[in-house]
>>> print(open('input19.cif').read())   # mmCIF, C-alpha atoms and all ligand atoms
data_model
loop_
_atom_site.label_atom_id
_atom_site.label_comp_id
_atom_site.auth_asym_id
_atom_site.auth_seq_id
_atom_site.Cartn_x
_atom_site.Cartn_y
_atom_site.Cartn_z
CA MET A 1 -9.33 -29.81 31.92
CA PRO A 2 -13.12 -29.27 31.61
CA ALA A 3 -14.91 -32.44 30.47
CA LEU A 4 -16.42 -30.76 27.43
CA ILE A 5 -13.03 -29.75 25.99
CA GLN A 6 -11.60 -33.16 26.79
CA CYS A 7 -14.45 -34.77 24.92
CA HIS A 8 -13.88 -32.48 21.88
CA LEU A 9 -10.20 -33.31 21.78
CA PHE A 10 -10.96 -36.99 21.99
CA MET A 11 -13.52 -36.85 19.20
CA SER A 12 -11.36 -34.89 16.80
CA SER A 13 -8.33 -37.10 17.29
CA ALA A 14 -10.40 -40.27 16.91
CA ARG A 15 -12.07 -39.26 13.68
CA SER A 16 -9.88 -36.90 11.84
CA SER A 17 -7.17 -37.71 9.36
CA VAL A 18 -7.61 -34.45 7.52
CA THR A 19 -4.44 -32.39 7.22
CA PRO A 20 -3.82 -28.90 5.86
CA GLU A 21 -2.05 -30.53 2.90
CA LYS A 22 -5.23 -32.39 1.98
CA LEU A 23 -7.70 -29.59 2.51
CA ILE A 24 -6.01 -26.31 1.58
CA ARG A 25 -5.81 -25.25 -2.09
CA PRO A 26 -2.39 -26.11 -3.58
CA GLU A 27 -1.66 -22.50 -4.63
CA ILE A 28 -2.14 -21.42 -1.00
CA LEU A 29 0.11 -24.23 0.29
CA ALA A 30 2.77 -22.99 -2.13
CA LEU A 31 2.61 -19.39 -0.87
CA HIS A 32 4.96 -17.80 1.60
CA ALA A 33 3.16 -15.67 4.18
CA TYR A 34 3.80 -11.93 3.84
CA HIS A 35 6.84 -11.48 6.04
CA VAL A 36 6.89 -8.63 8.56
CA PRO A 37 10.31 -8.67 10.27
CA PRO A 38 10.61 -7.86 13.99
CA ALA A 39 11.73 -4.26 14.47
CA SER A 40 11.76 -3.68 18.19
CA GLY A 41 14.59 -1.36 19.19
CA MET A 42 15.54 -0.68 15.56
CA ILE A 43 15.41 2.49 13.50
CA LYS A 44 12.49 1.40 11.37
CA LEU A 45 12.82 2.53 7.77
CA ASP A 46 11.27 -0.47 6.03
CA ALA A 47 7.54 0.18 5.77
CA MET A 48 6.95 3.74 4.48
CA GLU A 49 5.53 4.92 7.77
CA ASN A 50 5.39 8.60 8.70
CA PRO A 51 8.06 8.99 11.42
CA TYR A 52 6.51 12.00 13.13
CA LEU A 53 4.18 12.02 16.14
CA LEU A 54 1.14 14.25 16.15
CA PRO A 55 1.25 17.60 18.00
CA GLN A 56 0.49 17.13 21.71
CA ALA A 57 -2.75 19.18 21.59
CA LEU A 58 -4.12 16.94 18.86
CA ARG A 59 -3.10 13.81 20.76
CA ASP A 60 -4.99 15.11 23.79
CA GLU A 61 -8.08 15.71 21.65
CA ILE A 62 -7.86 12.16 20.35
CA ALA A 63 -7.50 10.83 23.89
CA ARG A 64 -10.74 12.58 24.88
CA LEU A 65 -12.52 11.25 21.78
CA VAL A 66 -11.41 7.72 22.53
CA ALA A 67 -12.46 8.04 26.19
CA ASP A 68 -16.02 8.88 25.11
CA ALA A 69 -16.21 6.44 22.19
CA GLN A 70 -19.07 3.93 22.24
CA ILE A 71 -17.02 0.83 21.74
CA ASN A 72 -19.87 -1.27 23.12
CA ARG A 73 -21.75 -0.45 19.89
CA TYR A 74 -21.03 -1.60 16.36
CA PRO A 75 -19.51 1.15 14.22
CA ASP A 76 -21.54 3.30 11.83
CA ALA A 77 -21.61 0.88 8.90
CA GLY A 78 -21.94 3.78 6.47
CA ALA A 79 -19.16 5.80 8.18
CA HIS A 80 -21.02 8.97 7.25
CA GLN A 81 -18.90 11.52 9.08
CA LEU A 82 -15.60 10.08 7.88
CA LYS A 83 -16.80 9.78 4.30
CA ALA A 84 -17.95 13.40 4.34
CA ASP A 85 -14.49 14.44 5.58
CA ILE A 86 -12.82 12.40 2.86
CA ARG A 87 -14.98 14.01 0.17
CA LYS A 88 -13.90 17.40 1.45
CA VAL A 89 -10.15 16.84 1.68
CA THR A 90 -10.02 15.08 -1.69
CA ASN A 91 -12.23 17.59 -3.51
CA LEU A 92 -14.21 14.66 -4.80
CA PRO A 93 -15.94 15.60 -8.07
CA ALA A 94 -19.75 15.72 -8.11
CA GLY A 95 -21.46 12.38 -8.69
CA MET A 96 -18.55 10.39 -7.23
CA GLU A 97 -18.69 8.17 -4.14
CA VAL A 98 -16.16 6.69 -1.73
CA LEU A 99 -15.92 3.19 -0.34
CA LEU A 100 -13.86 2.53 2.79
CA GLY A 101 -11.53 -0.38 3.38
CA ASN A 102 -9.55 -1.81 6.28
CA GLY A 103 -6.45 -0.46 4.59
CA SER A 104 -6.38 -0.31 0.80
CA ASP A 105 -5.20 -3.92 0.82
CA GLU A 106 -8.76 -4.88 1.67
CA ILE A 107 -10.05 -2.82 -1.24
CA ILE A 108 -7.78 -4.66 -3.66
CA GLN A 109 -9.24 -7.91 -2.34
CA LEU A 110 -12.78 -6.62 -2.66
CA LEU A 111 -12.24 -5.50 -6.26
CA ALA A 112 -10.76 -8.87 -7.14
CA MET A 113 -13.64 -10.78 -5.55
CA ALA A 114 -16.15 -8.66 -7.45
CA VAL A 115 -14.77 -9.48 -10.92
CA ASP A 116 -13.63 -13.04 -10.23
CA LYS A 117 -15.46 -14.81 -13.06
CA PRO A 118 -13.89 -18.01 -14.40
CA GLY A 119 -10.81 -17.07 -16.42
CA ALA A 120 -10.77 -13.41 -15.31
CA THR A 121 -7.40 -11.67 -15.21
CA ILE A 122 -5.69 -9.02 -13.10
CA LEU A 123 -2.96 -7.12 -14.92
CA SER A 124 -0.30 -4.88 -13.45
CA VAL A 125 3.31 -3.90 -14.08
CA GLU A 126 6.45 -5.42 -12.61
CA PRO A 127 8.10 -4.60 -10.37
CA SER A 128 5.22 -3.08 -8.45
CA PHE A 129 3.19 -3.55 -5.28
CA VAL A 130 3.22 -7.29 -4.50
CA MET A 131 -0.33 -7.39 -3.11
CA TYR A 132 -1.89 -7.22 -6.61
CA LYS A 133 -0.38 -10.56 -7.50
CA MET A 134 -0.78 -12.06 -4.03
CA ILE A 135 -4.50 -11.28 -3.87
CA ALA A 136 -5.02 -12.64 -7.40
CA THR A 137 -3.45 -15.86 -6.13
CA PHE A 138 -5.50 -15.86 -2.90
CA ILE A 139 -8.76 -15.94 -4.81
CA GLY A 140 -7.60 -18.00 -7.78
CA MET A 141 -7.54 -15.35 -10.52
CA ASN A 142 -5.07 -15.14 -13.40
CA TYR A 143 -2.35 -12.58 -12.91
CA VAL A 144 -0.24 -10.95 -15.63
CA GLY A 145 2.70 -8.67 -14.80
CA VAL A 146 4.00 -6.54 -17.68
CA PRO A 147 7.69 -5.63 -17.23
CA LEU A 148 8.50 -1.95 -16.81
CA ALA A 149 11.17 -0.39 -19.02
CA GLN A 150 14.80 -0.45 -17.83
CA ASP A 151 14.39 2.93 -16.11
CA PHE A 152 11.15 1.71 -14.44
CA SER A 153 8.94 3.86 -16.67
CA LEU A 154 5.81 2.34 -18.27
CA ASP A 155 6.45 0.36 -21.44
CA LEU A 156 3.32 1.65 -23.14
CA PRO A 157 3.48 -0.50 -26.31
CA ALA A 158 3.96 -3.62 -24.17
CA MET A 159 1.07 -2.57 -21.91
CA LEU A 160 -1.30 -1.94 -24.82
CA GLU A 161 -0.29 -5.23 -26.41
CA ALA A 162 -0.84 -7.15 -23.14
CA ILE A 163 -4.22 -5.48 -22.57
CA LYS A 164 -5.32 -6.47 -26.06
CA ARG A 165 -4.11 -10.05 -25.57
CA GLU A 166 -5.27 -10.65 -21.98
CA GLN A 167 -8.45 -8.55 -21.84
CA PRO A 168 -7.95 -7.97 -18.10
CA ALA A 169 -10.96 -7.38 -15.87
CA LEU A 170 -8.76 -5.26 -13.59
CA VAL A 171 -5.61 -3.22 -14.18
CA PHE A 172 -3.71 -1.87 -11.17
CA LEU A 173 -1.24 0.99 -11.57
CA ALA A 174 0.49 2.43 -8.51
CA TYR A 175 1.00 6.18 -9.00
CA PRO A 176 3.75 6.74 -7.72
CA ASN A 177 4.93 3.16 -8.03
CA ASN A 178 6.16 1.04 -5.13
CA PRO A 179 8.98 -0.07 -4.83
CA THR A 180 10.52 2.03 -7.62
CA GLY A 181 9.28 5.43 -6.36
CA ASN A 182 8.67 7.03 -9.75
CA LEU A 183 5.50 8.60 -11.11
CA PHE A 184 4.43 7.04 -14.42
CA ASP A 185 3.64 9.25 -17.38
CA ALA A 186 0.06 10.49 -16.91
CA ASP A 187 -0.68 10.48 -20.66
CA ALA A 188 0.44 6.86 -20.92
CA ILE A 189 -1.94 5.98 -18.08
CA LYS A 190 -4.78 7.75 -19.89
CA GLN A 191 -4.08 5.68 -23.01
CA ILE A 192 -4.17 2.55 -20.89
CA ILE A 193 -7.50 3.57 -19.36
CA GLN A 194 -8.91 4.11 -22.84
CA ALA A 195 -7.58 0.81 -24.15
CA ALA A 196 -8.63 -1.32 -21.17
CA PRO A 197 -11.78 -3.41 -21.58
CA GLY A 198 -12.26 -3.53 -17.78
CA LEU A 199 -11.55 -1.37 -14.75
CA VAL A 200 -8.32 0.56 -14.27
CA VAL A 201 -7.48 1.27 -10.63
CA VAL A 202 -4.94 4.03 -10.06
CA ASP A 203 -3.41 3.33 -6.64
CA GLU A 204 -2.40 6.65 -5.11
CA ALA A 205 -0.95 5.33 -1.84
CA TYR A 206 1.83 7.96 -2.03
CA TYR A 207 -0.36 10.83 -3.15
CA ALA A 208 0.74 13.10 -0.28
CA PHE A 209 4.33 13.05 -1.56
CA ALA A 210 3.60 13.45 -5.27
CA ARG A 211 0.47 15.61 -5.25
CA ASP A 212 -0.60 14.55 -8.71
CA SER A 213 -3.86 12.67 -8.88
CA PHE A 214 -6.38 11.04 -11.17
CA ILE A 215 -9.30 11.99 -8.92
CA PRO A 216 -10.04 15.10 -11.04
CA HIS A 217 -10.26 12.78 -14.12
CA LEU A 218 -12.80 10.37 -12.59
CA ALA A 219 -15.75 11.83 -14.46
CA GLN A 220 -13.89 11.61 -17.77
CA TYR A 221 -13.40 7.82 -17.81
CA GLU A 222 -16.18 5.47 -16.82
CA ASN A 223 -13.75 2.59 -16.19
CA LEU A 224 -11.44 4.54 -13.86
CA LEU A 225 -11.31 4.14 -10.08
CA VAL A 226 -8.82 5.83 -7.73
CA MET A 227 -7.63 4.16 -4.55
CA ARG A 228 -5.83 5.85 -1.67
CA THR A 229 -4.68 4.92 1.80
CA PHE A 230 -4.03 6.97 4.91
CA SER A 231 -1.23 4.60 5.93
CA LYS A 232 1.63 6.52 4.34
CA LEU A 233 0.25 9.85 5.57
CA GLY A 234 0.65 9.01 9.25
CA MET A 235 -2.20 6.63 10.05
CA ALA A 236 -0.74 3.21 9.25
CA GLY A 237 -1.95 1.91 12.61
CA LEU A 238 -5.57 2.87 11.94
CA ARG A 239 -5.88 0.67 8.82
CA LEU A 240 -7.88 2.88 6.53
CA GLY A 241 -8.04 3.16 2.77
CA PHE A 242 -10.65 4.32 0.30
CA LEU A 243 -11.75 3.88 -3.26
CA ALA A 244 -13.24 6.78 -5.21
CA GLY A 245 -15.37 6.39 -8.31
CA SER A 246 -18.81 6.56 -9.79
CA THR A 247 -21.80 5.36 -7.79
CA ALA A 248 -22.53 2.78 -10.50
CA TRP A 249 -19.35 0.85 -9.63
CA LEU A 250 -19.20 1.54 -5.93
CA ALA A 251 -22.79 0.46 -5.31
CA GLN A 252 -21.85 -3.00 -6.60
CA LEU A 253 -18.64 -3.15 -4.59
CA GLU A 254 -20.44 -2.04 -1.41
CA LYS A 255 -22.39 -5.32 -1.53
CA LEU A 256 -19.14 -7.20 -0.92
CA ARG A 257 -17.80 -4.98 1.82
CA LEU A 258 -18.20 -6.51 5.27
CA PRO A 259 -20.50 -4.03 7.05
CA TYR A 260 -18.22 -3.28 10.01
CA ASN A 261 -14.84 -3.35 8.28
CA VAL A 262 -13.84 0.04 9.72
CA GLY A 263 -14.11 0.12 13.52
CA VAL A 264 -15.43 2.81 15.82
CA LEU A 265 -11.96 4.03 16.84
CA PRO A 266 -10.46 4.28 13.33
CA GLN A 267 -13.56 6.17 12.17
CA LEU A 268 -13.39 8.66 15.04
CA VAL A 269 -9.65 9.21 14.98
CA ALA A 270 -9.37 9.47 11.20
CA ALA A 271 -12.23 11.98 11.04
CA LYS A 272 -10.48 14.06 13.70
CA LEU A 273 -7.17 13.89 11.83
CA LEU A 274 -8.82 14.89 8.57
CA GLU A 275 -10.10 18.01 10.36
CA HIS A 276 -6.39 18.69 10.78
CA HIS A 277 -5.37 17.55 7.32
CA ASP A 278 -3.00 20.53 7.12
CA VAL A 279 -0.91 19.06 9.98
CA LEU A 280 -0.48 15.80 8.07
CA LEU A 281 0.31 17.57 4.81
CA ALA A 282 2.91 19.71 6.59
CA GLN A 283 4.53 16.50 7.85
CA ALA A 284 4.45 15.14 4.30
CA ASP A 285 6.17 18.33 3.13
CA SER A 286 8.94 17.87 5.72
CA ILE A 287 9.36 14.30 4.53
CA LYS A 288 9.68 15.54 0.94
CA GLN A 289 12.38 18.00 1.98
CA GLU A 290 14.19 15.23 3.83
CA ARG A 291 13.86 13.03 0.75
CA THR A 292 15.80 15.60 -1.28
CA LYS A 293 18.56 15.71 1.36
CA LEU A 294 18.69 11.94 1.72
CA LEU A 295 18.87 11.47 -2.04
CA ALA A 296 21.80 13.88 -2.22
CA ALA A 297 23.62 12.16 0.66
CA LEU A 298 23.12 8.72 -0.87
CA SER A 299 24.17 9.83 -4.34
CA ALA A 300 27.44 11.09 -2.84
CA ILE A 301 28.38 7.59 -1.62
CA SER A 302 30.43 5.78 -4.21
CA GLY A 303 28.95 2.43 -5.17
CA VAL A 304 25.38 3.55 -4.46
CA GLN A 305 23.04 4.12 -7.38
CA THR A 306 19.84 5.99 -6.49
CA TYR A 307 16.55 6.27 -8.36
CA PRO A 308 14.40 9.42 -8.43
CA SER A 309 11.43 9.31 -6.05
CA GLU A 310 8.06 11.01 -5.82
CA ALA A 311 7.19 8.95 -2.74
CA ASN A 312 8.37 8.78 0.90
CA PHE A 313 11.04 6.20 0.15
CA ILE A 314 14.11 5.83 -2.05
CA LEU A 315 15.14 2.85 -4.15
CA LEU A 316 18.88 2.22 -4.33
CA ARG A 317 21.14 -0.28 -6.00
CA VAL A 318 24.42 -1.37 -4.44
CA ALA A 319 26.89 -4.21 -4.82
CA LYS A 320 26.20 -7.02 -2.29
CA ALA A 321 22.74 -5.76 -1.30
CA THR A 322 21.98 -8.60 1.08
CA GLN A 323 25.25 -8.19 2.97
CA ILE A 324 24.64 -4.46 3.21
CA PHE A 325 21.09 -5.05 4.42
CA GLU A 326 22.44 -7.39 7.14
CA GLY A 327 25.20 -4.94 8.03
CA LEU A 328 22.63 -2.19 8.50
CA LYS A 329 20.53 -4.48 10.67
CA GLN A 330 23.53 -5.18 12.89
CA ARG A 331 23.92 -1.42 13.21
CA GLY A 332 20.30 -1.10 14.32
CA VAL A 333 18.75 0.13 11.05
CA LEU A 334 15.97 -1.85 9.38
CA ILE A 335 15.27 -1.17 5.69
CA LYS A 336 13.79 -3.40 2.96
CA ASN A 337 15.93 -5.86 1.04
CA LEU A 338 14.50 -6.34 -2.47
CA ASN A 339 17.38 -8.51 -3.66
CA GLY A 340 16.23 -12.02 -4.56
CA GLY A 341 12.69 -10.89 -5.39
CA HIS A 342 11.97 -9.58 -8.87
CA PRO A 343 15.01 -9.91 -11.23
CA ALA A 344 14.78 -6.21 -12.17
CA LEU A 345 15.44 -5.45 -8.48
CA ALA A 346 18.63 -7.47 -8.16
CA ASP A 347 20.89 -5.80 -5.56
CA CYS A 348 18.20 -3.23 -4.75
CA LEU A 349 17.29 -1.87 -1.33
CA ARG A 350 14.41 0.40 -0.37
CA VAL A 351 14.67 2.90 2.43
CA THR A 352 11.80 4.91 3.90
CA VAL A 353 12.52 8.59 4.50
CA GLY A 354 12.65 9.05 8.28
CA THR A 355 13.35 11.97 10.59
CA PRO A 356 16.54 13.97 9.91
CA GLU A 357 18.30 12.08 12.75
CA GLU A 358 17.15 8.68 11.51
CA ASN A 359 18.28 9.49 7.98
CA GLN A 360 21.71 10.62 9.22
CA THR A 361 22.10 7.46 11.26
CA PHE A 362 21.12 5.39 8.24
CA VAL A 363 23.55 7.15 5.89
CA ALA A 364 26.41 6.78 8.38
CA ALA A 365 25.58 3.11 8.93
CA LEU A 366 25.43 2.52 5.18
CA GLN A 367 28.79 4.21 4.61
CA ASP A 368 30.28 2.22 7.48
CA THR A 369 28.90 -1.08 6.14
CA ILE A 370 30.17 -0.38 2.61
CA ASN A 371 33.64 0.50 3.96
CA GLN A 372 33.73 -2.67 5.99
CA LEU A 373 32.75 -4.87 3.03
CA ALA A 374 35.22 -3.22 0.64
C1 LIG A 401 1.35 0.59 1.20
C2 LIG A 401 0.63 0.42 -0.08
C3 LIG A 401 -0.72 0.05 -0.14
C4 LIG A 401 -1.51 -0.49 1.02
O1 LIG A 401 -1.68 0.25 2.07
P1 LIG A 401 -2.66 -0.11 3.25
O2 LIG A 401 -1.81 0.07 4.45
O3 LIG A 401 -3.19 -1.50 3.10
O4 LIG A 401 -3.75 0.89 3.13
C5 LIG A 401 -1.35 0.00 -1.36
N1 LIG A 401 -0.70 0.27 -2.49
C6 LIG A 401 0.59 0.61 -2.50
C7 LIG A 401 1.26 0.90 -3.78
C8 LIG A 401 1.30 0.68 -1.29
O5 LIG A 401 2.61 0.96 -1.32
#
>>> encode(input="input19.cif", output="structure tokens")
Amino acid sequence: MPALIQCHLFMSSARSSVTPEKLIRPEILALHAYHVPPASGMIKLDAMENPYLLPQALRDEIARLVADAQINRYPDAGAHQLKADIRKVTNLPAGMEVLLGNGSDEIIQLLAMAVDKPGATILSVEPSFVMYKMIATFIGMNYVGVPLAQDFSLDLPAMLEAIKREQPALVFLAYPNNPTGNLFDADAIKQIIQAAPGLVVVDEAYYAFARDSFIPHLAQYENLLVMRTFSKLGMAGLRLGFLAGSTAWLAQLEKLRLPYNVGVLPQLVAAKLLEHHDVLLAQADSIKQERTKLLAALSAISGVQTYPSEANFILLRVAKATQIFEGLKQRGVLIKNLNGGHPALADCLRVTVGTPEENQTFVAALQDTINQLA
């Protein structure tokens, strides 16, 4: 062992009685790390990924781009080319800007950090995307989750009441919602935007599968921001999300963004893929068609209750969800077990729409598991 390292080890062991328990904030000690289960060799239907590969010609183009990429240089901190492409494919209204994140998860964190005054609150609905609450906890903000109605629609009176009571700095609404899959009523969202004293962020992670958007309404509401990710559209591995809104807001948020949060390769590859946006949208269309077939197949299984979906996944309720989840895993199919999380999701499972073959394998494995447990 080199003497220098030896000396360091010696010094730290001699002096230090500090432990994580003493130093780390109690709310962080109490957290469970976001669990990503191993999936090697499995049919992976747990994470809302696009199951399709890109056409070979496009993959070759990307290979050439990557070969010539200047990875010895820091990335373009302003990501000018990529932002221009995003403006184009989103039809961004005049006067609006985009801010890029390392996935939209990073944008949620950035928004929270920006408004984190003492006592500030993040409000969302429940059940919804768990990151809203997790990030509020990470940075020590209050979090309020307003229960959805029984059918997972927005409970507008309860929302308006909670907004009045809590005066949230930030409201997050996933449109469509994850993990329920439904699209909330657009007029109810507009009433929420008007009633909110702070920012309302409409999270359009599943935009490609619903094709309804609040981006055209950005100019109408000064407290509205729209967030999207490319993860569910076929670029989960690139880690790229964006926030769209007026320059007044985004100029402030830009100050908090780490300058090189989107690397050279993600910028290059995403810009190339956005040139071929039609390819990705065609894949999204196939996924939507498969969603219809999968929903029909699942609804035909007795003991399976399905929920309507405008996203690339389906929420289902079964008896003995955890046993069924384990049975599927033994049969090589990984989905998401929501049982034991939010009470409204008792005995619920969430399955991502895969390729036709993957979906057939899943349905057969589900039927087989149910038969075996009966
Ligand atoms: C998947 C998801 C995101 C985050 O996606 P990133 O991969 O971090 O861009 C954000 N919101 C919702 C509702 C999601 O389901």
>>> closest_atom_pairs(input="input19.cif", of="chain A", to="ligand LIG 401 (chain A)", cutoff="10 Å", atoms="all atoms listed in the file", output="CSV")
residue,atom,partner,partner_atom,distance
A:Ala47,CA,A:LIG401,C1,7.7
A:Met48,CA,A:LIG401,C1,7.2
A:Glu49,CA,A:LIG401,C1,8.9
A:Gly101,CA,A:LIG401,O4,7.9
A:Asn102,CA,A:LIG401,O3,7.1
A:Gly103,CA,A:LIG401,O4,3.4
A:Ser104,CA,A:LIG401,O4,3.7
A:Asp105,CA,A:LIG401,O3,3.9
A:Glu106,CA,A:LIG401,O3,6.7
A:Ile107,CA,A:LIG401,O3,8.2
A:Ile108,CA,A:LIG401,C5,8.3
A:Ser128,CA,A:LIG401,C7,7.3
A:Phe129,CA,A:LIG401,C7,5.1
A:Val130,CA,A:LIG401,C7,8.5
A:Met131,CA,A:LIG401,C5,7.7
A:Tyr132,CA,A:LIG401,N1,8.6
A:Phe172,CA,A:LIG401,C7,9.3
A:Leu173,CA,A:LIG401,C7,8.2
A:Ala174,CA,A:LIG401,C7,5.0
A:Tyr175,CA,A:LIG401,C7,7.4
A:Pro176,CA,A:LIG401,C7,7.5
A:Asn177,CA,A:LIG401,C7,6.1
A:Asn178,CA,A:LIG401,C7,5.1
A:Pro179,CA,A:LIG401,O5,7.3
A:Gly181,CA,A:LIG401,O5,9.5
A:Val202,CA,A:LIG401,C7,9.4
A:Asp203,CA,A:LIG401,N1,5.8
A:Glu204,CA,A:LIG401,C7,6.9
A:Ala205,CA,A:LIG401,C6,5.0
A:Tyr206,CA,A:LIG401,O5,7.1
A:Met227,CA,A:LIG401,C5,8.2
A:Arg228,CA,A:LIG401,O4,7.2
A:Thr229,CA,A:LIG401,O4,4.3
A:Phe230,CA,A:LIG401,O4,6.3
A:Ser231,CA,A:LIG401,O2,4.8
A:Lys232,CA,A:LIG401,C1,6.7
A:Met235,CA,A:LIG401,O2,8.6
A:Ala236,CA,A:LIG401,O2,5.8
A:Gly237,CA,A:LIG401,O2,8.4
A:Leu238,CA,A:LIG401,O2,8.8
A:Arg239,CA,A:LIG401,O2,6.0
A:Leu240,CA,A:LIG401,O4,5.7
A:Gly241,CA,A:LIG401,O4,4.9
A:Phe242,CA,A:LIG401,O4,8.2
A:Ala311,CA,A:LIG401,O5,9.3
A:Asn312,CA,A:LIG401,O5,10.0
>>> atom_distance(input="input19.cif", atom1="CA of Tyr143 (chain A)", atom2="CA of Asn182 (chain A)")
22.7 Å
>>> residues_around(input="input19.cif", residues="region 338-344 of chain A", least_positions_apart="6", cutoff="12 Å", atoms="only C-alpha atoms", output="count of residues only")
31
>>> closest_residue(input="input19.cif", among="A:Pro168, A:Val264, A:Lys288, A:Ala188", to="Ala208 (chain A)", atoms="all atoms listed in the file")
A:Lys288
>>> residues_around(input="input19.cif", residues="Lys293 (chain A)", least_positions_apart="3", cutoff="12 Å", atoms="all atoms listed in the file", output="ChimeraX atom specification")
/A:286-290,296-300,314,353-357,359-360,363
>>> residues_near_point(input="input19.cif", point="(-20.2, 0.5, 1.7)", cutoff="8 Å", atoms="only C-alpha atoms", output="MDAnalysis selection string")
chainID A and resid 77:78 99:100 250:251 253:255 257 259
>>> atom_distance(input="input19.cif", atom1="CA of Leu160 (chain A)", atom2="CA of Val144 (chain A)")
12.9 Å
>>> atom_distance(input="input19.cif", atom1="CA of Gln372 (chain A)", atom2="CA of Pro308 (chain A)")
27.0 Å
>>> residues_around(input="input19.cif", residues="Ala63 (chain A)", least_positions_apart="4", cutoff="12 Å", atoms="all atoms listed in the file", output="PDB file with C-alpha atoms, keeping the file's coordinate frame")
ATOM      1  CA  GLN A  56       0.490  17.130  21.710  1.00  0.00           C
ATOM      2  CA  ALA A  57      -2.750  19.180  21.590  1.00  0.00           C
ATOM      3  CA  LEU A  58      -4.120  16.940  18.860  1.00  0.00           C
ATOM      4  CA  ARG A  59      -3.100  13.810  20.760  1.00  0.00           C
ATOM      5  CA  ALA A  67     -12.460   8.040  26.190  1.00  0.00           C
ATOM      6  CA  ASP A  68     -16.020   8.880  25.110  1.00  0.00           C
ATOM      7  CA  ALA A  69     -16.210   6.440  22.190  1.00  0.00           C
ATOM      8  CA  LEU A 265     -11.960   4.030  16.840  1.00  0.00           C
ATOM      9  CA  LEU A 268     -13.390   8.660  15.040  1.00  0.00           C
ATOM     10  CA  VAL A 269      -9.650   9.210  14.980  1.00  0.00           C
ATOM     11  CA  LYS A 272     -10.480  14.060  13.700  1.00  0.00           C
TER      12      LYS A 272
END
>>> closest_atom_pairs(input="input19.cif", of="region 68-177 of chain A", to="region 209-221 of chain A", cutoff="10 Å", atoms="all atoms listed in the file", output="CSV")
residue,atom,partner,partner_atom,distance
A:Thr90,CA,A:Ile215,CA,7.9
A:Asn91,CA,A:Pro216,CA,8.2
A:Leu92,CA,A:Ile215,CA,6.9
A:Pro93,CA,A:Pro216,CA,6.6
A:Ala94,CA,A:Ala219,CA,8.5
A:Gly95,CA,A:Ala219,CA,8.1
A:Met96,CA,A:Leu218,CA,7.9
A:Tyr175,CA,A:Ser213,CA,8.1
A:Pro176,CA,A:Ala210,CA,7.1
>>> closest_residue(input="input19.cif", among="A:Val115, A:Ala39, A:Leu280, A:Leu54", to="Gly332 (chain A)", atoms="all atoms listed in the file")
A:Ala39
>>> closest_residue(input="input19.cif", among="A:Gln330, A:Asn371, A:Asn50, A:Thr121", to="Ala284 (chain A)", atoms="only C-alpha atoms")
A:Asn50
>>> closest_residue(input="input19.cif", among="A:Ala196, A:Leu225, A:Met134, A:Ile28", to="Gln109 (chain A)", atoms="only C-alpha atoms")
A:Met134
>>> closest_residue(input="input19.cif", among="A:Ala244, A:Met159, A:Ile189, A:Leu110", to="Leu258 (chain A)", atoms="all atoms listed in the file")
A:Leu110
>>> decode(input="input19.cif", residues="region 300-310 of chain A", atoms="N, CA and C atoms", output="short mmCIF file (atom, residue, chain, number, x, y, z; two decimals), in the first residue's frame")
data_model
loop_
_atom_site.label_atom_id
_atom_site.label_comp_id
_atom_site.auth_asym_id
_atom_site.auth_seq_id
_atom_site.Cartn_x
_atom_site.Cartn_y
_atom_site.Cartn_z
N ALA A 300 -60.11 -9.77 -20.26
CA ALA A 300 -60.75 -11.06 -20.49
C ALA A 300 -60.36 -12.09 -19.43
N ILE A 301 -59.36 -11.80 -18.62
CA ILE A 301 -58.94 -12.75 -17.58
C ILE A 301 -59.80 -12.52 -16.34
N SER A 302 -60.43 -13.56 -15.86
CA SER A 302 -61.31 -13.34 -14.71
C SER A 302 -60.44 -13.14 -13.46
N GLY A 303 -60.87 -12.18 -12.64
CA GLY A 303 -60.08 -11.84 -11.46
C GLY A 303 -59.09 -10.71 -11.71
N VAL A 304 -59.06 -10.18 -12.93
CA VAL A 304 -58.19 -9.04 -13.22
C VAL A 304 -59.05 -7.82 -13.52
N GLN A 305 -58.85 -6.77 -12.72
CA GLN A 305 -59.54 -5.50 -13.00
C GLN A 305 -58.54 -4.55 -13.64
N THR A 306 -58.89 -3.98 -14.79
CA THR A 306 -57.96 -3.06 -15.46
C THR A 306 -58.47 -1.63 -15.36
N TYR A 307 -57.56 -0.69 -15.47
CA TYR A 307 -57.92 0.73 -15.48
C TYR A 307 -57.57 1.30 -16.85
N PRO A 308 -58.39 2.25 -17.33
CA PRO A 308 -58.10 2.85 -18.64
C PRO A 308 -56.76 3.58 -18.62
N SER A 309 -56.04 3.57 -19.75
CA SER A 309 -54.72 4.20 -19.79
C SER A 309 -54.54 5.07 -21.01
N GLU A 310 -53.95 6.23 -20.79
CA GLU A 310 -53.52 7.11 -21.88
C GLU A 310 -51.99 7.14 -21.91
#
